[in-house]
>>> print(open('data.csv').read())   # CSV, C-alpha atoms and all ligand atoms
chain,number,residue,atom,x,y,z
J,1,MET,CA,0.0,31.8,37.8
J,2,SER,CA,-2.5,29.4,36.2
J,3,THR,CA,-6.1,29.2,37.5
J,4,LEU,CA,-6.8,26.0,35.7
J,5,PRO,CA,-7.6,22.9,37.7
J,6,THR,CA,-4.8,20.3,37.8
J,7,SER,CA,-7.1,17.3,37.7
J,8,PRO,CA,-10.6,16.5,36.3
J,9,THR,CA,-13.4,16.6,38.9
J,10,ALA,CA,-14.4,13.0,38.0
J,11,PRO,CA,-12.1,11.0,35.6
J,12,ARG,CA,-14.2,9.8,32.6
J,13,GLN,CA,-14.3,6.3,31.3
J,14,HIS,CA,-13.7,6.1,27.5
J,15,VAL,CA,-17.1,6.0,25.8
J,16,THR,CA,-16.6,4.0,22.6
J,17,VAL,CA,-17.8,5.8,19.5
J,18,LEU,CA,-19.9,3.9,16.8
J,19,LEU,CA,-19.5,0.7,18.8
J,20,ASP,CA,-22.0,-1.6,17.2
J,21,GLU,CA,-21.7,0.1,13.8
J,22,ALA,CA,-17.9,-0.5,13.7
J,23,VAL,CA,-18.0,-4.1,14.9
J,24,ASP,CA,-20.9,-4.9,12.5
J,25,ALA,CA,-19.0,-3.5,9.6
J,26,LEU,CA,-15.7,-5.2,10.5
J,27,LEU,CA,-16.9,-8.8,11.2
J,28,THR,CA,-17.4,-10.9,8.2
J,29,ASP,CA,-16.2,-14.3,9.5
J,30,ALA,CA,-16.6,-15.3,13.2
J,31,ASP,CA,-13.6,-17.7,12.7
J,32,GLY,CA,-11.4,-15.0,11.3
J,33,THR,CA,-8.4,-13.1,12.5
J,34,TYR,CA,-8.9,-9.3,13.2
J,35,VAL,CA,-6.7,-6.4,14.2
J,36,ASP,CA,-7.8,-3.5,16.4
J,37,GLY,CA,-5.0,-1.0,15.7
J,38,THR,CA,-6.2,1.5,18.4
J,39,PHE,CA,-7.1,-0.6,21.4
J,40,GLY,CA,-7.7,2.4,23.8
J,41,ARG,CA,-9.7,0.9,26.6
J,42,GLY,CA,-10.9,-2.0,24.4
J,43,GLY,CA,-14.6,-1.0,23.8
J,44,HIS,CA,-14.6,-2.2,20.2
J,45,ALA,CA,-12.2,-5.1,21.0
J,46,ARG,CA,-14.4,-6.5,23.8
J,47,LEU,CA,-17.5,-6.5,21.7
J,48,LEU,CA,-15.6,-8.0,18.7
J,49,LEU,CA,-14.3,-10.8,21.0
J,50,SER,CA,-17.8,-11.6,22.2
J,51,ARG,CA,-18.8,-12.1,18.6
J,52,LEU,CA,-15.9,-14.3,17.5
J,53,SER,CA,-16.0,-18.1,17.6
J,54,PRO,CA,-13.5,-20.1,19.6
J,55,ARG,CA,-11.4,-20.2,16.4
J,56,GLY,CA,-11.4,-16.4,15.9
J,57,ARG,CA,-8.5,-14.3,16.9
J,58,LEU,CA,-8.0,-10.6,17.8
J,59,ILE,CA,-4.6,-8.9,17.7
J,60,ALA,CA,-4.7,-5.5,19.3
J,61,ILE,CA,-2.2,-2.6,19.0
J,62,ASP,CA,-1.8,0.7,20.9
J,63,ARG,CA,1.1,3.0,21.1
J,64,ASP,CA,0.1,4.2,24.6
J,65,VAL,CA,1.8,2.2,27.4
J,66,GLN,CA,-1.2,2.8,29.7
J,67,ALA,CA,-3.6,1.4,27.2
J,68,VAL,CA,-1.5,-1.7,26.8
J,69,GLU,CA,-1.2,-2.1,30.6
J,70,ALA,CA,-5.0,-1.7,30.9
J,71,ALA,CA,-5.4,-4.7,28.5
J,72,ALA,CA,-2.7,-6.8,30.1
J,73,SER,CA,-3.3,-6.4,33.8
J,74,GLY,CA,-5.7,-5.3,36.6
J,75,ALA,CA,-9.4,-5.2,36.6
J,76,THR,CA,-9.6,-4.1,32.9
J,77,ARG,CA,-7.4,-7.0,31.7
J,78,VAL,CA,-8.6,-8.9,28.7
J,79,SER,CA,-8.2,-12.4,29.8
J,80,ASP,CA,-8.9,-14.4,26.6
J,81,PRO,CA,-6.6,-16.8,24.8
J,82,ARG,CA,-7.8,-15.5,21.4
J,83,PHE,CA,-6.5,-12.0,22.3
J,84,SER,CA,-3.0,-10.4,22.3
J,85,ILE,CA,-1.9,-6.8,22.7
J,86,HIS,CA,1.2,-5.1,21.2
J,87,HIS,CA,2.8,-1.8,22.2
J,88,THR,CA,3.6,-0.1,18.9
J,89,SER,CA,2.1,2.1,16.2
J,90,PHE,CA,-0.4,0.5,13.8
J,91,ALA,CA,2.1,1.8,11.1
J,92,HIS,CA,4.0,-1.3,12.1
J,93,LEU,CA,1.1,-3.6,11.3
J,94,ARG,CA,3.1,-5.8,9.1
J,95,GLU,CA,5.8,-6.5,11.7
J,96,VAL,CA,3.2,-7.2,14.4
J,97,LEU,CA,1.5,-9.8,12.2
J,98,ALA,CA,4.8,-11.3,11.2
J,99,SER,CA,5.7,-11.7,14.9
J,100,GLN,CA,2.4,-13.6,15.4
J,101,GLY,CA,2.9,-15.8,12.4
J,102,VAL,CA,-0.1,-14.2,10.7
J,103,ALA,CA,0.1,-13.6,6.9
J,104,GLN,CA,-3.4,-12.2,6.2
J,105,ILE,CA,-6.3,-10.8,8.3
J,106,ASP,CA,-10.1,-10.6,7.9
J,107,GLY,CA,-10.4,-7.0,9.1
J,108,LEU,CA,-8.6,-4.0,10.5
J,109,LEU,CA,-10.2,-1.4,12.7
J,110,LEU,CA,-8.7,2.1,13.4
J,111,ASP,CA,-10.5,4.3,15.8
J,112,LEU,CA,-8.2,7.3,15.5
J,113,GLY,CA,-7.3,10.1,17.9
J,114,VAL,CA,-7.1,10.1,21.7
J,115,SER,CA,-9.0,8.3,24.4
J,116,SER,CA,-10.8,10.0,27.4
J,117,PRO,CA,-8.2,8.6,29.9
J,118,GLN,CA,-5.5,10.3,27.8
J,119,ILE,CA,-7.3,13.6,27.7
J,120,ASP,CA,-8.4,13.6,31.3
J,121,SER,CA,-4.9,12.9,32.7
J,122,PRO,CA,-3.3,16.3,33.3
J,123,GLU,CA,0.2,14.8,33.4
J,124,ARG,CA,-0.2,13.7,29.8
J,125,GLY,CA,-0.7,17.3,28.7
J,126,PHE,CA,-3.3,16.7,26.1
J,127,SER,CA,-5.9,19.1,27.4
J,128,PHE,CA,-5.8,22.8,28.2
J,129,ARG,CA,-8.8,22.3,30.5
J,130,PHE,CA,-6.4,21.1,33.2
J,131,ASP,CA,-3.0,22.5,33.9
J,132,GLY,CA,-0.2,20.0,33.4
J,133,PRO,CA,3.2,19.6,31.6
J,134,LEU,CA,2.8,20.2,27.9
J,135,ASP,CA,3.7,16.6,26.7
J,136,MET,CA,1.0,15.3,24.3
J,137,ARG,CA,2.8,12.2,23.3
J,138,MET,CA,0.7,9.1,23.0
J,139,ASP,CA,3.8,7.0,23.3
J,140,THR,CA,5.7,8.5,26.3
J,141,THR,CA,8.6,6.1,25.8
J,142,ARG,CA,9.9,7.9,22.7
J,143,GLY,CA,9.9,11.1,20.7
J,144,GLU,CA,9.7,14.7,21.7
J,145,SER,CA,7.1,16.4,23.9
J,146,ALA,CA,5.2,19.4,22.6
J,147,ALA,CA,7.1,21.6,25.1
J,148,ASP,CA,10.4,20.4,23.9
J,149,PHE,CA,9.4,21.1,20.3
J,150,LEU,CA,8.3,24.6,21.2
J,151,ALA,CA,11.6,25.1,23.1
J,152,ARG,CA,13.8,24.4,20.0
J,153,ALA,CA,11.9,25.1,16.8
J,154,ASP,CA,12.1,28.3,14.8
J,155,GLU,CA,9.2,30.6,14.3
J,156,ARG,CA,8.5,29.5,10.8
J,157,HIS,CA,8.4,25.8,11.7
J,158,ILE,CA,6.0,26.4,14.7
J,159,SER,CA,3.8,28.6,12.5
J,160,GLU,CA,3.6,26.0,9.7
J,161,VAL,CA,2.7,23.3,12.2
J,162,ILE,CA,-0.1,25.4,13.8
J,163,ARG,CA,-1.4,26.5,10.4
J,164,ASP,CA,-1.2,23.1,8.6
J,165,TYR,CA,-2.4,20.8,11.4
J,166,GLY,CA,-4.7,23.2,13.3
J,167,GLU,CA,-6.0,25.2,10.2
J,168,GLU,CA,-5.4,28.2,12.5
J,169,ARG,CA,-5.6,31.7,10.9
J,170,PHE,CA,-3.5,33.2,13.6
J,171,ALA,CA,-0.7,30.7,13.4
J,172,LEU,CA,2.0,33.3,12.7
J,173,GLN,CA,0.9,35.5,15.6
J,174,ILE,CA,0.9,32.5,18.0
J,175,ALA,CA,4.3,31.4,16.8
J,176,LYS,CA,5.7,34.9,17.3
J,177,ALA,CA,4.3,35.1,20.8
J,178,LEU,CA,5.7,31.7,21.6
J,179,VAL,CA,9.2,32.6,20.4
J,180,ALA,CA,9.1,36.0,22.1
J,181,ARG,CA,8.3,34.4,25.4
J,182,ARG,CA,11.0,31.8,24.9
J,183,GLU,CA,13.6,34.5,24.1
J,184,GLY,CA,12.5,36.3,27.2
J,185,GLY,CA,13.8,33.2,29.1
J,186,ASN,CA,10.4,31.8,29.9
J,187,PRO,CA,9.4,29.1,27.4
J,188,VAL,CA,5.9,27.6,27.6
J,189,ARG,CA,6.1,24.4,29.6
J,190,THR,CA,2.5,23.8,30.6
J,191,THR,CA,-0.9,23.4,29.0
J,192,GLY,CA,-2.2,26.4,31.1
J,193,GLU,CA,0.6,28.6,29.9
J,194,LEU,CA,-0.1,27.7,26.3
J,195,ALA,CA,-3.8,28.3,26.6
J,196,LYS,CA,-3.2,31.7,28.1
J,197,LEU,CA,-0.6,32.7,25.5
J,198,VAL,CA,-2.8,31.6,22.6
J,199,ALA,CA,-5.9,33.4,24.0
J,200,GLY,CA,-3.8,36.6,23.9
J,201,ALA,CA,-2.6,36.0,20.3
J,202,VAL,CA,-5.9,34.9,18.6
J,203,ARG,CA,-7.9,38.0,17.7
J,204,THR,CA,-11.3,36.5,17.0
J,205,ARG,CA,-13.4,33.9,18.9
J,206,GLU,CA,-15.2,30.9,17.4
J,207,ALA,CA,-18.5,30.2,19.1
J,208,GLY,CA,-18.4,27.3,21.5
J,209,GLN,CA,-14.6,26.8,21.0
J,210,ASP,CA,-11.7,27.7,23.2
J,211,PRO,CA,-9.1,29.8,21.3
J,212,ALA,CA,-6.4,27.2,22.1
J,213,THR,CA,-8.4,24.2,20.5
J,214,ARG,CA,-6.8,24.5,17.1
J,215,THR,CA,-3.3,25.0,18.4
J,216,CYS,CA,-3.5,22.0,20.7
J,217,GLN,CA,-4.8,19.8,17.9
J,218,ALA,CA,-2.0,21.0,15.7
J,219,LEU,CA,0.7,20.2,18.3
J,220,ARG,CA,-0.8,16.8,19.1
J,221,ILE,CA,-0.9,15.8,15.4
J,222,PHE,CA,2.7,17.0,14.9
J,223,VAL,CA,4.2,15.5,18.1
J,224,ASN,CA,2.6,12.1,17.3
J,225,ALA,CA,3.2,12.3,13.5
J,226,GLU,CA,-0.5,11.2,13.3
J,227,LEU,CA,-1.1,11.8,9.7
J,228,GLU,CA,2.1,10.1,8.5
J,229,GLU,CA,1.4,7.1,10.8
J,230,LEU,CA,-2.2,6.9,9.4
J,231,GLU,CA,-0.9,6.9,5.8
J,232,GLN,CA,1.6,4.2,6.6
J,233,GLY,CA,-0.9,2.1,8.5
J,234,LEU,CA,-3.4,2.3,5.6
J,235,SER,CA,-0.7,1.5,3.0
J,236,ALA,CA,0.5,-1.5,5.0
J,237,SER,CA,-3.1,-2.8,5.5
J,238,VAL,CA,-4.2,-3.4,2.0
J,239,GLY,CA,-1.7,-6.1,1.2
J,240,LEU,CA,-2.6,-7.9,4.5
J,241,LEU,CA,-6.3,-8.0,4.0
J,242,LYS,CA,-7.8,-11.2,2.6
J,243,PRO,CA,-10.3,-10.9,-0.3
J,244,SER,CA,-13.7,-9.7,1.3
J,245,ALA,CA,-11.9,-8.5,4.4
J,246,ARG,CA,-12.9,-5.1,5.8
J,247,LEU,CA,-11.0,-1.9,6.6
J,248,VAL,CA,-12.9,0.3,9.1
J,249,VAL,CA,-11.6,3.7,10.0
J,250,ILE,CA,-13.2,6.2,12.4
J,251,SER,CA,-11.8,9.7,12.1
J,252,PHE,CA,-12.4,12.8,14.3
J,253,HIS,CA,-11.2,15.6,12.2
J,254,SER,CA,-11.1,16.6,8.5
J,255,LEU,CA,-7.4,16.1,8.0
J,256,GLU,CA,-7.6,12.5,9.0
J,257,ASP,CA,-10.8,11.8,7.1
J,258,ARG,CA,-9.4,13.4,4.0
J,259,ILE,CA,-6.5,10.9,4.1
J,260,VAL,CA,-8.8,7.9,4.6
J,261,LYS,CA,-11.2,9.1,1.9
J,262,THR,CA,-8.4,9.8,-0.6
J,263,PHE,CA,-6.7,6.5,0.2
J,264,ILE,CA,-9.9,4.4,-0.4
J,265,ALA,CA,-10.7,6.4,-3.5
J,266,ARG,CA,-7.2,5.8,-4.9
J,267,GLU,CA,-7.3,2.1,-4.1
J,268,SER,CA,-10.8,1.8,-5.6
J,269,LYS,CA,-9.8,2.9,-9.1
J,270,SER,CA,-8.3,0.7,-11.7
J,271,GLU,CA,-4.8,2.1,-12.5
J,272,VAL,CA,-3.0,2.5,-15.8
J,273,ASP,CA,0.7,2.8,-15.4
J,274,ARG,CA,1.6,5.9,-17.3
J,275,ARG,CA,5.1,4.7,-17.9
J,276,ALA,CA,3.7,1.6,-19.6
J,277,PRO,CA,0.4,2.6,-21.0
J,278,PHE,CA,-0.1,-0.7,-23.0
J,279,ALA,CA,0.5,-2.9,-19.9
J,280,PRO,CA,-2.7,-4.5,-18.5
J,281,GLU,CA,-4.6,-2.2,-16.0
J,282,GLN,CA,-4.0,-2.9,-12.3
J,283,ALA,CA,-7.3,-4.0,-10.8
J,284,HIS,CA,-8.5,-2.0,-7.8
J,285,ARG,CA,-7.8,-3.6,-4.4
J,286,LEU,CA,-10.6,-1.9,-2.4
J,287,ARG,CA,-14.2,-1.2,-2.8
J,288,ALA,CA,-15.8,1.6,-0.8
J,289,ILE,CA,-18.8,0.4,1.1
J,290,ALA,CA,-20.0,3.0,3.5
J,291,ARG,CA,-19.6,6.3,5.2
J,292,ILE,CA,-21.4,6.4,8.6
J,293,LYS,CA,-21.9,9.2,11.1
J,294,PRO,CA,-23.1,8.7,14.7
J,295,SER,CA,-26.8,8.9,15.2
J,296,GLU,CA,-28.4,11.9,16.9
J,297,ALA,CA,-29.0,9.8,20.0
J,298,GLU,CA,-25.3,8.9,20.2
J,299,VAL,CA,-24.2,12.5,19.8
J,300,ARG,CA,-26.6,13.5,22.5
J,301,ALA,CA,-25.3,10.8,24.9
J,302,ASN,CA,-21.6,11.3,23.9
J,303,PRO,CA,-20.9,14.8,22.5
J,304,ARG,CA,-17.3,13.7,21.7
J,305,SER,CA,-18.8,11.5,18.9
J,306,ARG,CA,-20.1,14.6,17.1
J,307,SER,CA,-17.2,15.0,14.7
J,308,ALA,CA,-16.7,11.2,14.1
J,309,VAL,CA,-16.9,9.8,10.5
J,310,MET,CA,-16.5,6.1,9.9
J,311,ARG,CA,-15.5,4.8,6.5
J,312,VAL,CA,-15.7,1.2,5.5
J,313,ALA,CA,-14.0,-0.5,2.5
J,314,GLU,CA,-13.8,-4.1,1.4
J,315,ARG,CA,-10.7,-5.8,-0.1
J,316,THR,CA,-11.4,-7.1,-3.6
J,317,ASP,CA,-9.7,-10.3,-4.9
J,318,ALA,CA,-7.3,-8.2,-7.1
J,319,PRO,CA,-3.6,-9.2,-6.7
J,320,ASP,CA,-1.5,-7.2,-4.3
J,321,VAL,CA,0.2,-4.5,-6.3
J,322,ALA,CA,0.1,-1.0,-4.9
J,323,PRO,CA,-1.1,1.8,-7.2
J,324,ASN,CA,1.7,3.9,-8.5
J,325,VAL,CA,0.6,7.1,-6.8
J,326,ALA,CA,2.6,9.0,-4.2
J,327,SER,CA,1.0,9.6,-0.8
J,328,ASN,CA,-0.2,13.2,-0.3
J,329,VAL,CA,0.8,14.2,3.2
J,330,ALA,CA,4.3,12.7,3.2
J,331,THR,CA,5.0,14.0,-0.3
J,332,LYS,CA,3.7,17.5,0.5
J,333,HIS,CA,5.8,17.8,3.6
J,334,ALA,CA,8.9,16.1,2.3
J,335,ALA,CA,8.8,18.5,-0.7
J,336,ALA,CA,8.6,21.5,1.6
J,337,GLY,CA,11.4,20.2,3.8
J,338,ARG,CA,9.1,20.4,6.9
J,339,GLY,CA,9.6,18.7,10.2
J,340,ALA,CA,6.9,16.2,10.7
J,341,PRO,CA,7.7,13.4,8.2
J,342,ALA,CA,11.5,13.8,8.9
J,343,ARG,CA,10.8,13.4,12.6
J,344,ALA,CA,8.5,10.5,12.0
J,345,THR,CA,11.2,8.8,9.9
J,346,ARG,CA,13.9,9.5,12.4
J,347,ARG,CA,11.8,8.2,15.3
J,348,ARG,CA,11.2,4.9,13.6
J,349,ALA,CA,14.8,4.4,12.5
G,1,LIG,C1,-10.1,6.8,20.3
G,1,LIG,S1,-9.1,5.8,21.2
G,1,LIG,C2,-9.6,4.2,20.8
G,1,LIG,C3,-10.7,3.7,21.7
G,1,LIG,C4,-11.1,2.3,21.5
G,1,LIG,N1,-11.7,2.0,20.2
G,1,LIG,C5,-12.1,1.9,22.6
G,1,LIG,O1,-13.3,1.6,22.3
G,1,LIG,O2,-11.7,1.9,23.8
G,1,LIG,C6,-7.6,5.9,20.3
G,1,LIG,C7,-6.4,5.0,20.8
G,1,LIG,O3,-5.6,4.8,19.7
G,1,LIG,C8,-4.3,5.0,20.1
G,1,LIG,N2,-3.5,5.4,18.9
G,1,LIG,C9,-3.6,6.5,18.2
G,1,LIG,N3,-2.8,6.5,17.1
G,1,LIG,C10,-2.1,5.3,17.1
G,1,LIG,C11,-1.2,4.7,16.3
G,1,LIG,N4,-0.7,5.3,15.3
G,1,LIG,N5,-0.8,3.4,16.6
G,1,LIG,C12,-1.3,2.8,17.7
G,1,LIG,N6,-2.2,3.3,18.5
G,1,LIG,C13,-2.6,4.6,18.3
G,1,LIG,C14,-4.3,6.0,21.2
G,1,LIG,O4,-3.2,5.8,22.0
G,1,LIG,C15,-5.6,5.7,21.9
G,1,LIG,O5,-5.4,4.8,22.9
>>> encode(input="data.csv", output="structure tokens")
Amino acid sequence: MSTLPTSPTAPRQHVTVLLDEAVDALLTDADGTYVDGTFGRGGHARLLLSRLSPRGRLIAIDRDVQAVEAAASGATRVSDPRFSIHHTSFAHLREVLASQGVAQIDGLLLDLGVSSPQIDSPERGFSFRFDGPLDMRMDTTRGESAADFLARADERHISEVIRDYGEERFALQIAKALVARREGGNPVRTTGELAKLVAGAVRTREAGQDPATRTCQALRIFVNAELEELEQGLSASVGLLKPSARLVVISFHSLEDRIVKTFIARESKSEVDRRAPFAPEQAHRLRAIARIKPSEAEVRANPRSRSAVMRVAERTDAPDVAPNVASNVATKHAAAGRGAPARATRRRA
């Protein structure tokens, strides 16, 4: 029997991280067209709208139905003719823009991860602080919940997910305990059950961190194919940014930040095609501009901002030819025949 609360004592509003810093970095032309690929509760979007001219435009995206509903109706509605919201992943940026008749944009913002309303809703199953069904999907209209994954996957697959996406040393022990419990006819179905099982399998404790933190992060990243979606969103963005347009990405853990950093570095180098070494070099399409962390005052006021890293890059005027370098996450997992990219591909098909 779980002793965890089934609801937060006071539901938190989402406190936007790096609010002014992100909007300052993104906005280069008040008449421009911008995309907020992670609307959440619209903290960045609302400030950006307040700084756009009547000719400016903001196209917002979120894969969470509740975020889209918050933008489209009720007291939180964004009632502004310059604004539209789309329920999909930012990996589909190109399709969203095509549906709006937009060929190029002046900036893209991605504020990755989950919002406080997602974490604080026990029925979404993101947090082991409250007991609820182990779901963890940002888009509850499709895909497989974390509980369904744990109910069908083999020990090796579960262990790889927890190791690769949670950087958890005890991944194998946790996977063994999960499978043993399932084979005993009692699969883990709730966040409370998962937290208890992980606490029993993890032999050491990290100061200030619940033993289930890494496993929950891993399952969330896997269920939402977060790293693959990020790579696809970044790849799609460069060809859609006008010269001098900005790409602004806020990450909350090292796996995400590594992808953003590697992507910007790769796009910031001139490329020589090894198959045609005498062909002209491909000019680089991005220029890295900044890496910004929240101030001490922001971290004090909003501890969730502690792990945030914001990277800013600017589109050069180089023609739109992608560098001939394979993406790291997708390639690594496809080569190993693992589940995440295959799932992500299946889901989008
Ligand atoms: C940290 S919150 C964004 C908060 C927002 N900037 C604000 O100020 O309110 C992240 C949001 O991005 C959404 N999200 C995460 N990955 C996504 C993806 N691949 N495509 C679209 N939305 C995504 C989540 O559903 C969540 O609502």
>>> closest_residue(input="data.csv", among="J:Val17, J:Leu247, J:Cys216, J:Val309", to="ligand LIG 1 (chain G)", atoms="all atoms listed in the file")
J:Val17
>>> closest_atom_pairs(input="data.csv", of="chain J", to="ligand LIG 1 (chain G)", cutoff="8 Å", atoms="all atoms listed in the file", output="CSV")
residue,atom,partner,partner_atom,distance
J:His14,CA,G:LIG1,O2,5.9
J:Val15,CA,G:LIG1,O1,6.8
J:Thr16,CA,G:LIG1,O1,4.1
J:Val17,CA,G:LIG1,O1,6.8
J:Leu19,CA,G:LIG1,O1,7.2
J:Asp36,CA,G:LIG1,N1,7.7
J:Gly37,CA,G:LIG1,C12,5.7
J:Thr38,CA,G:LIG1,O3,3.6
J:Phe39,CA,G:LIG1,C4,4.9
J:Gly40,CA,G:LIG1,O5,3.4
J:Arg41,CA,G:LIG1,O2,3.6
J:Gly42,CA,G:LIG1,O2,4.0
J:Gly43,CA,G:LIG1,O1,3.3
J:His44,CA,G:LIG1,O1,4.5
J:Ala45,CA,G:LIG1,O1,6.9
J:Ile61,CA,G:LIG1,C12,5.6
J:Asp62,CA,G:LIG1,N6,3.6
J:Arg63,CA,G:LIG1,C12,4.2
J:Asp64,CA,G:LIG1,O4,4.5
J:Ala67,CA,G:LIG1,O5,5.8
J:His87,CA,G:LIG1,C12,7.6
J:Thr88,CA,G:LIG1,C12,5.8
J:Ser89,CA,G:LIG1,N5,3.2
J:Phe90,CA,G:LIG1,N5,4.1
J:Ala91,CA,G:LIG1,N4,6.1
J:Leu110,CA,G:LIG1,N1,7.4
J:Asp111,CA,G:LIG1,C2,5.1
J:Leu112,CA,G:LIG1,C6,5.0
J:Gly113,CA,G:LIG1,C6,4.8
J:Val114,CA,G:LIG1,C6,4.5
J:Ser115,CA,G:LIG1,S1,4.1
J:Ser116,CA,G:LIG1,S1,7.7
J:Gln118,CA,G:LIG1,O5,7.4
J:Met138,CA,G:LIG1,O4,5.2
J:Asp139,CA,G:LIG1,O4,7.2
J:Asn224,CA,G:LIG1,N3,7.8
J:Glu226,CA,G:LIG1,N4,6.2
J:Glu229,CA,G:LIG1,N4,5.3
J:Leu230,CA,G:LIG1,N4,6.3
J:Gly233,CA,G:LIG1,N4,7.5
>>> write_last_selection(input="data.csv", atoms="C-alpha atoms", output="PDB file, in the coordinates of the input")
ATOM      1  CA  HIS J  14     -13.700   6.100  27.500  1.00  0.00           C
ATOM      2  CA  VAL J  15     -17.100   6.000  25.800  1.00  0.00           C
ATOM      3  CA  THR J  16     -16.600   4.000  22.600  1.00  0.00           C
ATOM      4  CA  VAL J  17     -17.800   5.800  19.500  1.00  0.00           C
ATOM      5  CA  LEU J  19     -19.500   0.700  18.800  1.00  0.00           C
ATOM      6  CA  ASP J  36      -7.800  -3.500  16.400  1.00  0.00           C
ATOM      7  CA  GLY J  37      -5.000  -1.000  15.700  1.00  0.00           C
ATOM      8  CA  THR J  38      -6.200   1.500  18.400  1.00  0.00           C
ATOM      9  CA  PHE J  39      -7.100  -0.600  21.400  1.00  0.00           C
ATOM     10  CA  GLY J  40      -7.700   2.400  23.800  1.00  0.00           C
ATOM     11  CA  ARG J  41      -9.700   0.900  26.600  1.00  0.00           C
ATOM     12  CA  GLY J  42     -10.900  -2.000  24.400  1.00  0.00           C
ATOM     13  CA  GLY J  43     -14.600  -1.000  23.800  1.00  0.00           C
ATOM     14  CA  HIS J  44     -14.600  -2.200  20.200  1.00  0.00           C
ATOM     15  CA  ALA J  45     -12.200  -5.100  21.000  1.00  0.00           C
ATOM     16  CA  ILE J  61      -2.200  -2.600  19.000  1.00  0.00           C
ATOM     17  CA  ASP J  62      -1.800   0.700  20.900  1.00  0.00           C
ATOM     18  CA  ARG J  63       1.100   3.000  21.100  1.00  0.00           C
ATOM     19  CA  ASP J  64       0.100   4.200  24.600  1.00  0.00           C
ATOM     20  CA  ALA J  67      -3.600   1.400  27.200  1.00  0.00           C
ATOM     21  CA  HIS J  87       2.800  -1.800  22.200  1.00  0.00           C
ATOM     22  CA  THR J  88       3.600  -0.100  18.900  1.00  0.00           C
ATOM     23  CA  SER J  89       2.100   2.100  16.200  1.00  0.00           C
ATOM     24  CA  PHE J  90      -0.400   0.500  13.800  1.00  0.00           C
ATOM     25  CA  ALA J  91       2.100   1.800  11.100  1.00  0.00           C
ATOM     26  CA  LEU J 110      -8.700   2.100  13.400  1.00  0.00           C
ATOM     27  CA  ASP J 111     -10.500   4.300  15.800  1.00  0.00           C
ATOM     28  CA  LEU J 112      -8.200   7.300  15.500  1.00  0.00           C
ATOM     29  CA  GLY J 113      -7.300  10.100  17.900  1.00  0.00           C
ATOM     30  CA  VAL J 114      -7.100  10.100  21.700  1.00  0.00           C
ATOM     31  CA  SER J 115      -9.000   8.300  24.400  1.00  0.00           C
ATOM     32  CA  SER J 116     -10.800  10.000  27.400  1.00  0.00           C
ATOM     33  CA  GLN J 118      -5.500  10.300  27.800  1.00  0.00           C
ATOM     34  CA  MET J 138       0.700   9.100  23.000  1.00  0.00           C
ATOM     35  CA  ASP J 139       3.800   7.000  23.300  1.00  0.00           C
ATOM     36  CA  ASN J 224       2.600  12.100  17.300  1.00  0.00           C
ATOM     37  CA  GLU J 226      -0.500  11.200  13.300  1.00  0.00           C
ATOM     38  CA  GLU J 229       1.400   7.100  10.800  1.00  0.00           C
ATOM     39  CA  LEU J 230      -2.200   6.900   9.400  1.00  0.00           C
ATOM     40  CA  GLY J 233      -0.900   2.100   8.500  1.00  0.00           C
TER      41      GLY J 233
END
>>> residues_around(input="data.csv", residues="Gly184 of chain J", least_positions_apart="6", cutoff="12 Å", atoms="all atoms listed in the file", output="ChimeraX atom specification")
/J:151,177-178
>>> closest_residue(input="data.csv", among="J:Lys293, J:Arg163, J:Arg94, J:Arg258", to="Ser235 of chain J", atoms="all atoms listed in the file")
J:Arg94
>>> atom_distance(input="data.csv", atom1="atom CA of Ala146 of chain J", atom2="atom CA of Leu109 of chain J")
27.7 Å
>>> closest_residue(input="data.csv", among="J:Ile59, J:Leu286, J:Ala276, J:Ile264", to="Pro243 of chain J", atoms="all atoms listed in the file")
J:Leu286
>>> closest_residue(input="data.csv", among="J:Arg311, J:Ala279, J:Ala236, J:Ser244", to="Ile259 of chain J", atoms="all atoms listed in the file")
J:Arg311
>>> closest_residue(input="data.csv", among="J:Ala22, J:Ile119, J:Ala180, J:Ala290", to="Lys261 of chain J", atoms="only C-alpha atoms")
J:Ala290
>>> closest_residue(input="data.csv", among="J:Arg152, J:Pro211, J:Phe130, J:Asp164", to="Glu183 of chain J", atoms="all atoms listed in the file")
J:Arg152
>>> residues_near_point(input="data.csv", point="(-3.1, 33.7, 15.3)", cutoff="10 Å", atoms="all atoms listed in the file", output="ChimeraX atom specification")
/J:159,162-163,168-177,198-204,211-212,215
>>> atom_distance(input="data.csv", atom1="atom CA of Val35 of chain J", atom2="atom CA of Arg220 of chain J")
24.4 Å
>>> atom_distance(input="data.csv", atom1="atom CA of Pro133 of chain J", atom2="atom CA of Gln66 of chain J")
17.5 Å
>>> residues_around(input="data.csv", residues="Leu227 of chain J", least_positions_apart="5", cutoff="8 Å", atoms="all atoms listed in the file", output="PyMOL selection string")
chain J and resi 221+255-256+259+329
